[in-house]
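Student: Handing you a structure now.
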Amino acid sequence: MVKVAMVQMDIEFGNPAKNFSRVGEALEQAKDLGAEVVVFPEMWNTGYDLENLPSIADRDGRRTKTLVGQLAKQLSLNVVAGSVATLKDGLFYNTTYAFDQTGKVIAEYDKAHRFGPMQEDQYVAAGNQPANYEIANLKSASLICYDLRFPEWWRTAGTKGVNVYFLPAEWPTSRIEQWEVLLKARAIENQAFVIGVNRVGDDPNNHFNGHSMAVAPSGEVLANAGEQAGITIVEIDQTAVQKAKQLFDIQNDRRPELYR
């Protein structure tokens, strides 16, 4: 059993200093709650303040890697650090980092599918590589928000063997029912746990009402964080993945030559 903390937080629009402070506090609180893995929402350093990325994006992720890495080591925590706005090689990205409990970056993923209605495609470059890694003995993959709507991408990550998918998000209230349905679907069809961590609060154009969820391979909702900021602890039992695949293994029964 692995204890995972879903950090459902408000994000201060365009204010990295405030948001880094909140993340530091949340890591300490999660440790006190007995968490082994801590997961944050999408773009928590800046929110979707895309017009101001030249002045507020995290250059090469240095600030994120320094703060989260130091706290992960100090608190002996594994951290799936949501995602942050980064500037790398002259381009902006929506990037997630995963840290082990020594503070080492063990995975980096740039969001592959950019969300046009929030103008992400106009400001942010797209990633092209999935992120598979092991954290707290969990075979894992990271995706980000809009990636939830692209099951082919989940299958691509799943070919390397995944027990837990982590999905940070800024998913607006107006489509929250779709969020819940799609999280369940991705868990069922991939026979894996899905940890979806959404934000709460407001930016200039959207309202966010959380509903961070942990879903088992069966589609059972293990935890729903509701609509308030806070930390929700859920226990992951990896044997549920093996039990699901003993009945039938969807990944092995695929016929990729047909899917064109």
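Order determines the names: the first chain of the structure tokens is A, the second B, and so forth; residues in each chain are numbered 1 upward, and ligands are numbered 1 upward as they are shown.
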Sorted by chain and rising residue number, which residues of range 112-218 of chain A lie within 7 Å of range 231-250 of chain A, and what are their closest atom pairs and distances in Å to one decimal, counting only C-alpha atoms, as JSON lines?
Tutor:
{"residue": "A:Asn163", "atom": "CA", "partner": "A:Val241", "partner_atom": "CA", "distance": 6.4}
{"residue": "A:Gln191", "atom": "CA", "partner": "A:Val241", "partner_atom": "CA", "distance": 6.2}
{"residue": "A:Ala192", "atom": "CA", "partner": "A:Val241", "partner_atom": "CA", "distance": 5.8}
{"residue": "A:Pro217", "atom": "CA", "partner": "A:Val241", "partner_atom": "CA", "distance": 6.3}
Student: With N, CA and C atoms kept, could you save the residues just selected as an mmCIF file, in the first residue's frame?
Tutor:
data_model
loop_
_atom_site.group_PDB
_atom_site.id
_atom_site.type_symbol
_atom_site.label_atom_id
_atom_site.label_comp_id
_atom_site.auth_asym_id
_atom_site.auth_seq_id
_atom_site.Cartn_x
_atom_site.Cartn_y
_atom_site.Cartn_z
ATOM 1 N N ASN A 163 1.186 1.040 -13.702
ATOM 2 C CA ASN A 163 0.215 0.733 -12.660
ATOM 3 C C ASN A 163 -0.559 1.969 -12.207
ATOM 4 N N GLN A 191 -6.606 -0.496 -17.203
ATOM 5 C CA GLN A 191 -6.447 -1.403 -16.064
ATOM 6 C C GLN A 191 -5.344 -0.898 -15.122
ATOM 7 N N ALA A 192 -5.497 0.342 -14.735
ATOM 8 C CA ALA A 192 -4.508 0.987 -13.873
ATOM 9 C C ALA A 192 -5.196 2.021 -12.991
ATOM 10 N N PRO A 217 -8.433 0.488 -10.953
ATOM 11 C CA PRO A 217 -8.546 -0.145 -12.269
ATOM 12 C C PRO A 217 -9.966 -0.616 -12.602
#
Student: Would you mind listing what lies within 6 Å of Val194 in chain A as a PyMOL selection string, with only C-alpha atoms counted and same-chain residues fewer than 6 positions away left out?
Tutor: chain A and resi 164-165+187+214-215
Student: Write to file, as a CSV table (one decimal), in the first residue's frame, the residues of the selection just made, with N, CA and C atoms.
Tutor:
chain,number,residue,atom,x,y,z
A,164,VAL,N,0.1,3.2,-12.3
A,164,VAL,CA,-0.5,4.4,-11.9
A,164,VAL,C,-0.3,5.5,-12.9
A,165,TYR,N,-1.3,6.2,-13.4
A,165,TYR,CA,-1.2,7.4,-14.2
A,165,TYR,C,-1.5,8.6,-13.3
A,187,ALA,N,-9.0,4.8,-16.4
A,187,ALA,CA,-8.6,3.8,-15.4
A,187,ALA,C,-9.1,2.4,-15.9
A,214,ALA,N,-9.1,9.9,-7.3
A,214,ALA,CA,-8.3,8.7,-7.4
A,214,ALA,C,-9.2,7.5,-7.8
A,215,VAL,N,-8.9,6.9,-8.9
A,215,VAL,CA,-9.8,5.9,-9.5
A,215,VAL,C,-9.0,4.6,-9.6
Student: Give me, as a PyMOL selection string, all polymer residues having an atom no more than 10 Å from range 41-53 of chain A, counting only C-alpha atoms and skipping those fewer than 5 positions away in the same chain.
Tutor: chain A and resi 6-23+58+63-64+80-87+92-96+118-120+122-124+144-145+167-171+196-200+202-206+210+212
Student: Give me the residues near Tyr259 in chain A as an MDAnalysis selection string, where near means some atom within 10 Å (using only C-alpha atoms) and where sequence neighbours in that chain fewer than 4 positions away do not count.
Tutor: chainID A and resid 152 254:255
Student: Have a look at A:Ala185, A:Ala131, A:Val4, A:Ala223 and name the one nearest to Leu148 in chain A; count only C-alpha atoms.
Tutor: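 Checking each candidate against Leu148 in chain A, we get A:Ala185 as the closest.
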Student: Among range 14-192 of chain A, which residues carry a DSSP assignment of strand (DSSP E), reported as a ChimeraX atom specification?
Tutor: /A:37-39,58-59,78-80,84-88,91-99,105-110,131-135,138-142,164-168
Student: Can you list every residue in range 42-115 of chain A that DSSP puts in helix (DSSP H, G or I), as a VMD selection string?
Tutor: chain A and resid 50 to 56 62 to 75
